[in-house]
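target16.pdb (PDB, C-alpha atoms)
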```
ATOM      1  CA  MET A 284     -21.686  -8.078 -21.986
ATOM      2  CA  ILE A 285     -18.794  -9.882 -23.692
ATOM      3  CA  ARG A 286     -16.608  -6.798 -23.416
ATOM      4  CA  GLY A 287     -17.451  -6.496 -19.718
ATOM      5  CA  ILE A 288     -16.506 -10.130 -19.122
ATOM      6  CA  VAL A 289     -13.190  -9.634 -20.927
ATOM      7  CA  ASN A 290     -12.478  -6.528 -18.834
ATOM      8  CA  SER A 291     -13.285  -8.392 -15.617
ATOM      9  CA  LEU A 292     -11.087 -11.326 -16.636
ATOM     10  CA  ILE A 293      -8.169  -9.013 -17.408
ATOM     11  CA  VAL A 294      -8.521  -7.098 -14.144
ATOM     12  CA  SER A 295      -9.130 -10.151 -11.949
ATOM     13  CA  GLY A 296      -6.446 -12.317 -13.556
ATOM     14  CA  CYS A 297      -3.751  -9.650 -13.476
ATOM     15  CA  SER A 298      -4.701  -8.566  -9.955
ATOM     16  CA  ALA A 299      -4.532 -12.126  -8.647
ATOM     17  CA  ALA A 300      -1.184 -12.795 -10.337
ATOM     18  CA  ILE A 301       0.657  -9.693  -9.136
ATOM     19  CA  CYS A 302      -0.987  -9.772  -5.697
ATOM     20  CA  ILE A 303       0.049 -13.370  -5.040
ATOM     21  CA  TYR A 304       3.602 -12.961  -6.328
ATOM     22  CA  PHE A 305       4.485  -9.676  -4.638
ATOM     23  CA  SER A 306       2.736 -10.561  -1.381
ATOM     24  CA  ALA A 307       4.726 -13.803  -1.273
ATOM     25  CA  LEU A 308       7.906 -11.879  -2.081
ATOM     26  CA  THR A 309       7.235  -9.356   0.698
ATOM     27  CA  ALA A 310       6.424 -12.094   3.189
ATOM     28  CA  TYR A 311       9.628 -13.918   2.270
ATOM     29  CA  GLY A 312      11.658 -10.729   2.654
ATOM     30  CA  LEU A 313      10.354 -10.085   6.166
ATOM     31  CA  TYR A 314      10.640 -13.724   7.169
ATOM     32  CA  ALA A 315      14.070 -14.619   5.806
ATOM     33  CA  TYR A 316      15.988 -11.397   6.485
ATOM     34  CA  ASP A 317      16.887  -9.631   9.730
ATOM     35  CA  PHE A 318      17.139  -5.843   9.628
ATOM     36  CA  LYS A 319      16.584  -2.980  12.051
ATOM     37  CA  MET A 320      13.140  -1.884  10.845
ATOM     38  CA  LYS A 321      11.731  -5.390  10.449
ATOM     39  CA  LYS A 322       9.208  -5.163  13.296
ATOM     40  CA  ALA A 323       8.234  -1.608  12.318
ATOM     41  CA  ALA A 324       7.622  -2.677   8.713
ATOM     42  CA  PHE A 325       5.490  -5.612   9.836
ATOM     43  CA  THR A 326       3.465  -3.374  12.170
ATOM     44  CA  PHE A 327       2.981  -0.783   9.425
ATOM     45  CA  ILE A 328       1.636  -3.398   6.999
ATOM     46  CA  MET A 329      -0.735  -4.744   9.631
ATOM     47  CA  ALA A 330      -1.953  -1.205  10.377
ATOM     48  CA  ILE A 331      -2.910  -0.768   6.728
ATOM     49  CA  LEU A 332      -4.972  -3.957   6.992
ATOM     50  CA  VAL A 333      -7.528  -2.300   9.294
ATOM     51  CA  MET A 334      -7.940   0.785   7.070
ATOM     52  CA  PRO A 335     -11.121   0.592   4.930
ATOM     53  CA  THR A 336     -10.933   1.392   1.230
ATOM     54  CA  GLN A 337     -13.532   4.140   1.526
ATOM     55  CA  VAL A 338     -11.234   6.204   3.762
ATOM     56  CA  THR A 339      -8.601   6.608   1.043
ATOM     57  CA  ALA A 340     -10.993   6.674  -1.926
ATOM     58  CA  MET A 341     -10.887  10.424  -2.605
ATOM     59  CA  GLY A 342      -7.125  10.639  -2.280
ATOM     60  CA  PHE A 343      -6.766   7.624  -4.564
ATOM     61  CA  LEU A 344      -9.079   9.217  -7.120
ATOM     62  CA  ARG A 345      -7.112  12.470  -7.111
ATOM     63  CA  LEU A 346      -3.829  10.589  -7.451
ATOM     64  CA  ILE A 347      -4.833   8.530 -10.479
ATOM     65  CA  THR A 348      -6.377  11.612 -12.099
ATOM     66  CA  LYS A 349      -3.087  13.515 -11.792
ATOM     67  CA  MET A 350      -1.227  10.491 -13.166
ATOM     68  CA  GLY A 351      -3.517  10.333 -16.199
ATOM     69  CA  MET A 352      -4.917   6.891 -15.352
ATOM     70  CA  TYR A 353      -8.529   7.918 -14.777
ATOM     71  CA  ASP A 354     -11.044   5.890 -16.802
ATOM     72  CA  SER A 355      -8.617   3.024 -17.413
ATOM     73  CA  LEU A 356      -8.141  -0.481 -16.085
ATOM     74  CA  LEU A 357      -4.701   0.185 -14.605
ATOM     75  CA  PRO A 358      -5.985   1.673 -11.297
ATOM     76  CA  LEU A 359      -7.910  -1.560 -10.783
ATOM     77  CA  ILE A 360      -4.801  -3.719 -11.232
ATOM     78  CA  ILE A 361      -1.726  -1.875  -9.927
ATOM     79  CA  PRO A 362      -2.909  -1.366  -6.287
ATOM     80  CA  SER A 363      -3.260  -5.150  -5.991
ATOM     81  CA  ILE A 364       0.515  -5.312  -5.550
ATOM     82  CA  ALA A 365       0.011  -4.263  -1.924
ATOM     83  CA  SER A 366      -2.363  -6.571  -0.065
ATOM     84  CA  PRO A 367      -1.767  -6.760   3.706
ATOM     85  CA  ALA A 368      -4.239  -9.636   4.187
ATOM     86  CA  VAL A 369      -2.544 -11.824   1.565
ATOM     87  CA  PHE A 370       0.867 -10.849   2.930
ATOM     88  CA  TYR A 371      -0.071 -11.952   6.448
ATOM     89  CA  PHE A 372      -1.407 -15.275   5.175
ATOM     90  CA  MET A 373       1.808 -15.889   3.228
ATOM     91  CA  TYR A 374       3.944 -14.890   6.208
ATOM     92  CA  SER A 375       2.086 -17.315   8.481
ATOM     93  CA  TYR A 376       2.518 -20.074   5.924
ATOM     94  CA  LEU A 377       6.262 -19.459   5.664
ATOM     95  CA  GLU A 378       6.599 -19.613   9.449
ATOM     96  CA  SER A 379       4.999 -23.052   9.493
ATOM     97  CA  SER A 380       6.453 -24.552   6.312
ATOM     98  CA  LEU A 381       9.799 -23.007   5.361
ATOM     99  CA  PRO A 382      12.864 -23.779   7.519
ATOM    100  CA  LEU A 383      15.482 -21.041   7.250
ATOM    101  CA  SER A 384      18.144 -23.734   7.038
ATOM    102  CA  LEU A 385      16.865 -24.527   3.549
ATOM    103  CA  VAL A 386      17.430 -20.918   2.488
ATOM    104  CA  GLU A 387      20.878 -20.883   4.047
ATOM    105  CA  ALA A 388      21.778 -24.111   2.225
ATOM    106  CA  ALA A 389      20.732 -22.551  -1.077
ATOM    107  CA  ARG A 390      22.893 -19.497  -0.373
ATOM    108  CA  ILE A 391      25.885 -21.679   0.485
ATOM    109  CA  ASP A 392      25.428 -23.502  -2.818
ATOM    110  CA  GLY A 393      25.695 -20.160  -4.611
ATOM    111  CA  SER A 394      22.029 -19.584  -5.434
ATOM    112  CA  LYS A 395      21.090 -15.938  -5.970
ATOM    113  CA  GLU A 396      18.296 -14.476  -3.854
ATOM    114  CA  PHE A 397      15.665 -14.243  -6.596
ATOM    115  CA  ARG A 398      16.563 -17.703  -7.859
ATOM    116  CA  THR A 399      16.147 -19.052  -4.335
ATOM    117  CA  PHE A 400      12.758 -17.410  -4.055
ATOM    118  CA  ASN A 401      11.480 -18.413  -7.503
ATOM    119  CA  GLN A 402      12.790 -21.981  -7.612
ATOM    120  CA  ILE A 403      12.769 -23.070  -3.967
ATOM    121  CA  VAL A 404      10.379 -20.922  -1.949
ATOM    122  CA  LEU A 405       7.536 -20.519  -4.459
ATOM    123  CA  PRO A 406       7.041 -24.282  -5.013
ATOM    124  CA  ILE A 407       6.762 -24.725  -1.233
ATOM    125  CA  MET A 408       4.155 -21.949  -1.108
ATOM    126  CA  LYS A 409       1.903 -23.378  -3.838
ATOM    127  CA  PRO A 410      -0.983 -24.348  -1.492
ATOM    128  CA  ALA A 411      -1.098 -20.900   0.123
ATOM    129  CA  MET A 412      -0.757 -19.157  -3.236
ATOM    130  CA  ALA A 413      -3.594 -21.206  -4.739
ATOM    131  CA  VAL A 414      -5.964 -20.425  -1.867
ATOM    132  CA  GLN A 415      -5.189 -16.718  -1.961
ATOM    133  CA  ALA A 416      -5.416 -16.685  -5.757
ATOM    134  CA  ILE A 417      -9.028 -17.865  -5.458
ATOM    135  CA  PHE A 418      -9.886 -15.224  -2.850
ATOM    136  CA  THR A 419      -8.106 -12.449  -4.725
ATOM    137  CA  PHE A 420      -9.675 -13.357  -8.064
ATOM    138  CA  VAL A 421     -13.169 -13.541  -6.582
ATOM    139  CA  GLY A 422     -12.699 -10.296  -4.648
ATOM    140  CA  SER A 423     -11.499  -8.461  -7.743
ATOM    141  CA  TRP A 424     -14.207 -10.010  -9.919
ATOM    142  CA  ASN A 425     -16.965  -8.908  -7.510
ATOM    143  CA  ASN A 426     -15.454  -5.501  -6.781
ATOM    144  CA  TYR A 427     -17.918  -2.723  -7.515
ATOM    145  CA  PHE A 428     -16.830   0.278  -5.452
ATOM    146  CA  VAL A 429     -13.470   1.083  -7.061
ATOM    147  CA  PRO A 430     -14.478   0.395 -10.706
ATOM    148  CA  ALA A 431     -17.592   2.517 -10.245
ATOM    149  CA  LEU A 432     -15.372   5.299  -8.909
ATOM    150  CA  VAL A 433     -12.793   5.108 -11.694
ATOM    151  CA  ILE A 434     -14.450   3.807 -14.861
ATOM    152  CA  GLN A 435     -16.704   5.997 -17.012
ATOM    153  CA  SER A 436     -16.467   4.562 -20.534
ATOM    154  CA  LYS A 437     -18.868   1.745 -21.330
ATOM    155  CA  ASP A 438     -16.227  -0.246 -23.193
ATOM    156  CA  LYS A 439     -14.099  -0.402 -20.015
ATOM    157  CA  MET A 440     -16.808  -1.320 -17.527
ATOM    158  CA  THR A 441     -16.573  -4.573 -15.579
ATOM    159  CA  VAL A 442     -19.342  -7.115 -14.971
ATOM    160  CA  PRO A 443     -20.559  -5.756 -11.573
ATOM    161  CA  ILE A 444     -20.995  -2.274 -13.063
ATOM    162  CA  LEU A 445     -22.931  -3.624 -16.053
ATOM    163  CA  ILE A 446     -25.214  -5.641 -13.777
ATOM    164  CA  ALA A 447     -25.830  -2.544 -11.661
ATOM    165  CA  LEU A 448     -26.628  -0.513 -14.770
ATOM    166  CA  LEU A 449     -29.133  -3.109 -15.948
ATOM    167  CA  ARG A 450     -30.786  -3.288 -12.531
ATOM    168  CA  GLY A 451     -30.879   0.488 -12.296
ATOM    169  CA  ALA A 452     -32.813   0.873 -15.522
ATOM    170  CA  ASP A 453     -36.475   1.830 -15.600
ATOM    171  CA  TYR A 454     -38.497  -0.946 -13.949
ATOM    172  CA  MET A 455     -41.086  -1.156 -16.718
ATOM    173  CA  ASN A 456     -38.421  -1.457 -19.403
ATOM    174  CA  ARG A 457     -36.077  -3.705 -17.443
ATOM    175  CA  ASP A 458     -35.109  -6.947 -19.169
ATOM    176  CA  MET A 459     -34.928  -9.420 -16.274
ATOM    177  CA  GLY A 460     -33.828 -12.235 -18.569
ATOM    178  CA  LYS A 461     -30.747 -10.268 -19.564
ATOM    179  CA  ILE A 462     -29.993  -9.453 -15.917
ATOM    180  CA  TYR A 463     -30.215 -13.080 -14.807
ATOM    181  CA  MET A 464     -28.121 -14.195 -17.762
ATOM    182  CA  MET A 465     -25.458 -11.629 -16.838
ATOM    183  CA  ILE A 466     -25.442 -12.852 -13.231
ATOM    184  CA  LEU A 467     -25.110 -16.460 -14.410
ATOM    185  CA  VAL A 468     -22.221 -15.579 -16.711
ATOM    186  CA  ALA A 469     -20.573 -13.651 -13.857
ATOM    187  CA  ILE A 470     -20.599 -16.772 -11.671
ATOM    188  CA  VAL A 471     -19.068 -19.152 -14.227
ATOM    189  CA  PRO A 472     -15.428 -17.850 -14.126
ATOM    190  CA  ILE A 473     -15.433 -18.033 -10.323
ATOM    191  CA  ILE A 474     -16.528 -21.672 -10.459
ATOM    192  CA  LEU A 475     -13.849 -22.481 -13.041
ATOM    193  CA  VAL A 476     -11.095 -20.880 -10.947
ATOM    194  CA  TYR A 477     -12.296 -22.779  -7.893
ATOM    195  CA  LEU A 478     -12.286 -26.097  -9.756
ATOM    196  CA  LEU A 479      -8.800 -25.509 -11.154
ATOM    197  CA  LEU A 480      -7.291 -24.687  -7.772
ATOM    198  CA  SER A 481      -9.503 -26.744  -5.461
ATOM    199  CA  LYS A 482      -6.895 -29.462  -4.891
ATOM    200  CA  TYR A 483      -4.770 -26.942  -3.004
ATOM    201  CA  ILE A 484      -7.552 -25.713  -0.722
ATOM    202  CA  ILE A 485      -7.333 -28.504   1.865
ATOM    203  CA  ALA A 486      -3.576 -27.992   2.139
ATOM    204  CA  GLY A 487      -4.067 -24.260   2.398
ATOM    205  CA  VAL A 488      -6.762 -24.181   5.055
ATOM    206  CA  THR A 489      -4.887 -26.613   7.329
ATOM    207  CA  LEU A 490      -1.768 -24.452   7.626
ATOM    208  CA  GLY A 491      -2.056 -24.293  11.378
ATOM    209  CA  GLY A 492      -2.432 -28.032  11.841
ATOM    210  CA  VAL A 493       0.054 -29.993  13.905
ATOM    211  CA  LYS A 494       2.404 -32.007  11.751
ATOM    212  CA  GLY A 495       3.246 -35.531  12.849
TER     213      GLY A 495
END
```

Would you put the structure from the file into structure tokens?
Amino acid sequence: MIRGIVNSLIVSGCSAAICIYFSALTAYGLYAYDFKMKKAAFTFIMAILVMPTQVTAMGFLRLITKMGMYDSLLPLIIPSIASPAVFYFMYSYLESSLPLSLVEAARIDGSKEFRTFNQIVLPIMKPAMAVQAIFTFVGSWNNYFVPALVIQSKDKMTVPILIALLRGADYMNRDMGKIYMMILVAIVPIILVYLLLSKYIIAGVTLGGVKG
């Protein structure tokens, strides 16, 4: 159980971190720059949003098998870089909170592009990043489909898989106390993440509000 919790923490924490950062970076790139394929890129990302995971599951499984990443935690973390839903949320937040004149002023002052993003844009996006960090962490923590498809070794299994294995055991030999304890332990990290980032939630969910 402890090993499963550690695996889930690694996967969920890393997924949330890279998802939030790269989604914010992509949203900033499409918002702050004008280029020929800007609308096409935005439409393409939105088209991916409506595609269910199950549709690409077999192709994804074949890909990671050829790349030698089957039965590892990497396939659960790396795809988090591309999250259309988080990207759209970040893009909407930038439209309502980041004036392009601020970016232009930073460029005039000689700030490099990544420095502008990391030191000026990211602090402005903290409320949106905190809200999406909660959703991404919880979604990754509760994810069962992809880990069940990829993970085979018991020492690499995440909490949802372990709970499913315990529930799938023989009914007469099932230890319900262990199952309920596992479920309780699975809830605790989600509560902790929520408490740590809760002060940003009100700011994040009122992005569309009219500012006086």

Best match for closeness to Ile470 in chain A among A:Cys297, A:Ile285, A:Val442, A:Leu308, counting only C-alpha atoms:
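The answer is A:Val442, which sits nearest to Ile470 in chain A.
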
For Leu445 in chain A, which of A:Ile288, A:Ala389, A:Met320, A:Gly422 is the closest residue, counting all atoms listed in the file?
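Of A:Ile288, A:Ala389, A:Met320, A:Gly422, the one nearest Leu445 in chain A is A:Ile288, counting all atoms listed in the file.
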
Within 9 Å of (-18.8, -2.2, -16.7), all atoms listed in the file: residues as an mmCIF file with C-alpha atoms, keeping the file's coordinate frame?
```cif
data_model
loop_
_atom_site.group_PDB
_atom_site.id
_atom_site.type_symbol
_atom_site.label_atom_id
_atom_site.label_comp_id
_atom_site.auth_asym_id
_atom_site.auth_seq_id
_atom_site.Cartn_x
_atom_site.Cartn_y
_atom_site.Cartn_z
ATOM 1 C CA MET A 284 -21.686 -8.078 -21.986
ATOM 2 C CA ARG A 286 -16.608 -6.798 -23.416
ATOM 3 C CA GLY A 287 -17.451 -6.496 -19.718
ATOM 4 C CA ILE A 288 -16.506 -10.130 -19.122
ATOM 5 C CA ASN A 290 -12.478 -6.528 -18.834
ATOM 6 C CA SER A 291 -13.285 -8.392 -15.617
ATOM 7 C CA PRO A 430 -14.478 0.395 -10.706
ATOM 8 C CA ALA A 431 -17.592 2.517 -10.245
ATOM 9 C CA ILE A 434 -14.450 3.807 -14.861
ATOM 10 C CA GLN A 435 -16.704 5.997 -17.012
ATOM 11 C CA SER A 436 -16.467 4.562 -20.534
ATOM 12 C CA LYS A 437 -18.868 1.745 -21.330
ATOM 13 C CA ASP A 438 -16.227 -0.246 -23.193
ATOM 14 C CA LYS A 439 -14.099 -0.402 -20.015
ATOM 15 C CA MET A 440 -16.808 -1.320 -17.527
ATOM 16 C CA THR A 441 -16.573 -4.573 -15.579
ATOM 17 C CA VAL A 442 -19.342 -7.115 -14.971
ATOM 18 C CA PRO A 443 -20.559 -5.756 -11.573
ATOM 19 C CA ILE A 444 -20.995 -2.274 -13.063
ATOM 20 C CA LEU A 445 -22.931 -3.624 -16.053
ATOM 21 C CA ILE A 446 -25.214 -5.641 -13.777
ATOM 22 C CA ALA A 447 -25.830 -2.544 -11.661
ATOM 23 C CA LEU A 448 -26.628 -0.513 -14.770
#
```

As AutoDock Vina command-line options, what would the box around range 304-318 of chain A look like: edges along x, y and z, 8 Å added on every side, centre and edge lengths in Å to one decimal?
```
--center_x 9.9 --center_y -10.2 --center_z 1.7 --size_x 30.4 --size_y 24.8 --size_z 32.1
```

CA of Val404 in chain A to CA of Ala315 in chain A, straight-line distance in Å
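A separation of 10.7 Å between them.
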
Quote the spacing between CA of Leu332 in chain A and CA of Ala413 in chain A in Å to one decimal place.
20.9 Å

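From CA of Pro335 in chain A back to CA of Lys319 in chain A, the distance works out to 28.8 Å.
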
Near-Ile403 in chain A list (12 Å; all atoms listed in the file; drop same-chain fewer than 5 positions) as a short mmCIF file (atom, residue, chain, number, x, y, z; two decimals) with C-alpha atoms, keeping the file's coordinate frame:
```
data_model
loop_
_atom_site.label_atom_id
_atom_site.label_comp_id
_atom_site.auth_asym_id
_atom_site.auth_seq_id
_atom_site.Cartn_x
_atom_site.Cartn_y
_atom_site.Cartn_z
CA TYR A 311 9.63 -13.92 2.27
CA LEU A 381 9.80 -23.01 5.36
CA PRO A 382 12.86 -23.78 7.52
CA LEU A 383 15.48 -21.04 7.25
CA LEU A 385 16.86 -24.53 3.55
CA VAL A 386 17.43 -20.92 2.49
CA GLU A 387 20.88 -20.88 4.05
CA ALA A 388 21.78 -24.11 2.22
CA ALA A 389 20.73 -22.55 -1.08
CA ARG A 390 22.89 -19.50 -0.37
CA SER A 394 22.03 -19.58 -5.43
CA LYS A 395 21.09 -15.94 -5.97
CA GLU A 396 18.30 -14.48 -3.85
CA PHE A 397 15.66 -14.24 -6.60
CA ARG A 398 16.56 -17.70 -7.86
CA MET A 408 4.16 -21.95 -1.11
CA LYS A 409 1.90 -23.38 -3.84
#
```

May I ask which of the residues A:Ile462, A:Ile407, A:Val294, A:Ala324 is the closest one to Pro362 in chain A, counting only C-alpha atoms?
A:Val294

I'd like the neighbourhood of Met329 in chain A as a list in words, where a residue qualifies if any of its atoms comes within 8 Å (using all atoms listed in the file), though same-chain residues fewer than 4 positions away should be ignored.
Phe325, Val333, Pro367 and Tyr371 of chain A

Which one is closest to Tyr376 in chain A: A:Leu405, A:Met459, A:Ile301, A:Ile466? Count only C-alpha atoms.
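Of A:Leu405, A:Met459, A:Ile301, A:Ile466, the one nearest Tyr376 in chain A is A:Leu405, counting only C-alpha atoms.
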
Using all atoms listed in the file, pick whichever of A:Ser363, A:Ser481, A:Thr336, A:Asn425 has the shortest atom-to-atom distance to Tyr304 in chain A.
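So, comparing all the options, the nearest one is A:Ser363.
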
Residue members of the PyMOL selection byres ((chain A and resi 299) around 8) in the file shown, as a PyMOL selection string:
chain A and resi 295-298+300-303+363+416-417+419-420+423

Top pick for closest residue to Ile364 in chain A, considering A:Phe318, A:Trp424, A:Phe305, A:Phe418 and counting only C-alpha atoms
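Looking at the shortest contact to Ile364 in chain A, the residue is A:Phe305.
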
Decode the PyMOL selection byres ((chain A and resi 375) around 12) for the given file into explicit residues and return them as JSON, numbers by chain.
{"A": [306, 307, 310, 311, 313, 314, 368, 369, 370, 371, 372, 373, 374, 376, 377, 378, 379, 380, 381, 408, 411, 487, 488, 489, 490, 491]}

Residue completion, range 464-480 of chain A, N, CA and C atoms, as a PDB file, keeping the file's coordinate frame:
```
ATOM      1  N   MET A 464     -29.165 -13.593 -16.927  1.00  0.00           N
ATOM      2  CA  MET A 464     -28.121 -14.195 -17.762  1.00  0.00           C
ATOM      3  C   MET A 464     -26.758 -13.593 -17.433  1.00  0.00           C
ATOM      4  N   MET A 465     -26.712 -12.292 -17.207  1.00  0.00           N
ATOM      5  CA  MET A 465     -25.458 -11.629 -16.838  1.00  0.00           C
ATOM      6  C   MET A 465     -24.949 -12.145 -15.494  1.00  0.00           C
ATOM      7  N   ILE A 466     -25.842 -12.324 -14.542  1.00  0.00           N
ATOM      8  CA  ILE A 466     -25.442 -12.852 -13.231  1.00  0.00           C
ATOM      9  C   ILE A 466     -24.906 -14.268 -13.364  1.00  0.00           C
ATOM     10  N   LEU A 467     -25.564 -15.088 -14.195  1.00  0.00           N
ATOM     11  CA  LEU A 467     -25.110 -16.460 -14.410  1.00  0.00           C
ATOM     12  C   LEU A 467     -23.719 -16.480 -15.032  1.00  0.00           C
ATOM     13  N   VAL A 468     -23.525 -15.651 -16.043  1.00  0.00           N
ATOM     14  CA  VAL A 468     -22.221 -15.579 -16.711  1.00  0.00           C
ATOM     15  C   VAL A 468     -21.152 -15.083 -15.744  1.00  0.00           C
ATOM     16  N   ALA A 469     -21.524 -14.186 -14.826  1.00  0.00           N
ATOM     17  CA  ALA A 469     -20.573 -13.651 -13.857  1.00  0.00           C
ATOM     18  C   ALA A 469     -20.112 -14.708 -12.861  1.00  0.00           C
ATOM     19  N   ILE A 470     -20.940 -15.726 -12.632  1.00  0.00           N
ATOM     20  CA  ILE A 470     -20.599 -16.772 -11.671  1.00  0.00           C
ATOM     21  C   ILE A 470     -19.677 -17.822 -12.269  1.00  0.00           C
ATOM     22  N   VAL A 471     -19.794 -18.064 -13.578  1.00  0.00           N
ATOM     23  CA  VAL A 471     -19.068 -19.152 -14.227  1.00  0.00           C
ATOM     24  C   VAL A 471     -17.552 -19.056 -14.051  1.00  0.00           C
ATOM     25  N   PRO A 472     -16.890 -17.910 -14.306  1.00  0.00           N
ATOM     26  CA  PRO A 472     -15.428 -17.850 -14.126  1.00  0.00           C
ATOM     27  C   PRO A 472     -14.985 -18.162 -12.701  1.00  0.00           C
ATOM     28  N   ILE A 473     -15.775 -17.749 -11.710  1.00  0.00           N
ATOM     29  CA  ILE A 473     -15.433 -18.033 -10.323  1.00  0.00           C
ATOM     30  C   ILE A 473     -15.443 -19.541 -10.067  1.00  0.00           C
ATOM     31  N   ILE A 474     -16.450 -20.221 -10.615  1.00  0.00           N
ATOM     32  CA  ILE A 474     -16.528 -21.672 -10.459  1.00  0.00           C
ATOM     33  C   ILE A 474     -15.347 -22.358 -11.130  1.00  0.00           C
ATOM     34  N   LEU A 475     -14.971 -21.889 -12.315  1.00  0.00           N
ATOM     35  CA  LEU A 475     -13.849 -22.481 -13.041  1.00  0.00           C
ATOM     36  C   LEU A 475     -12.540 -22.315 -12.269  1.00  0.00           C
ATOM     37  N   VAL A 476     -12.313 -21.119 -11.725  1.00  0.00           N
ATOM     38  CA  VAL A 476     -11.095 -20.880 -10.947  1.00  0.00           C
ATOM     39  C   VAL A 476     -11.079 -21.773  -9.719  1.00  0.00           C
ATOM     40  N   TYR A 477     -12.220 -21.907  -9.072  1.00  0.00           N
ATOM     41  CA  TYR A 477     -12.296 -22.779  -7.893  1.00  0.00           C
ATOM     42  C   TYR A 477     -11.973 -24.223  -8.255  1.00  0.00           C
ATOM     43  N   LEU A 478     -12.525 -24.712  -9.359  1.00  0.00           N
ATOM     44  CA  LEU A 478     -12.286 -26.097  -9.756  1.00  0.00           C
ATOM     45  C   LEU A 478     -10.822 -26.336 -10.122  1.00  0.00           C
ATOM     46  N   LEU A 479     -10.189 -25.349 -10.758  1.00  0.00           N
ATOM     47  CA  LEU A 479      -8.800 -25.509 -11.154  1.00  0.00           C
ATOM     48  C   LEU A 479      -7.853 -25.551  -9.960  1.00  0.00           C
ATOM     49  N   LEU A 480      -8.196 -24.805  -8.916  1.00  0.00           N
ATOM     50  CA  LEU A 480      -7.291 -24.687  -7.772  1.00  0.00           C
ATOM     51  C   LEU A 480      -7.797 -25.408  -6.526  1.00  0.00           C
TER      52      LEU A 480
END
```
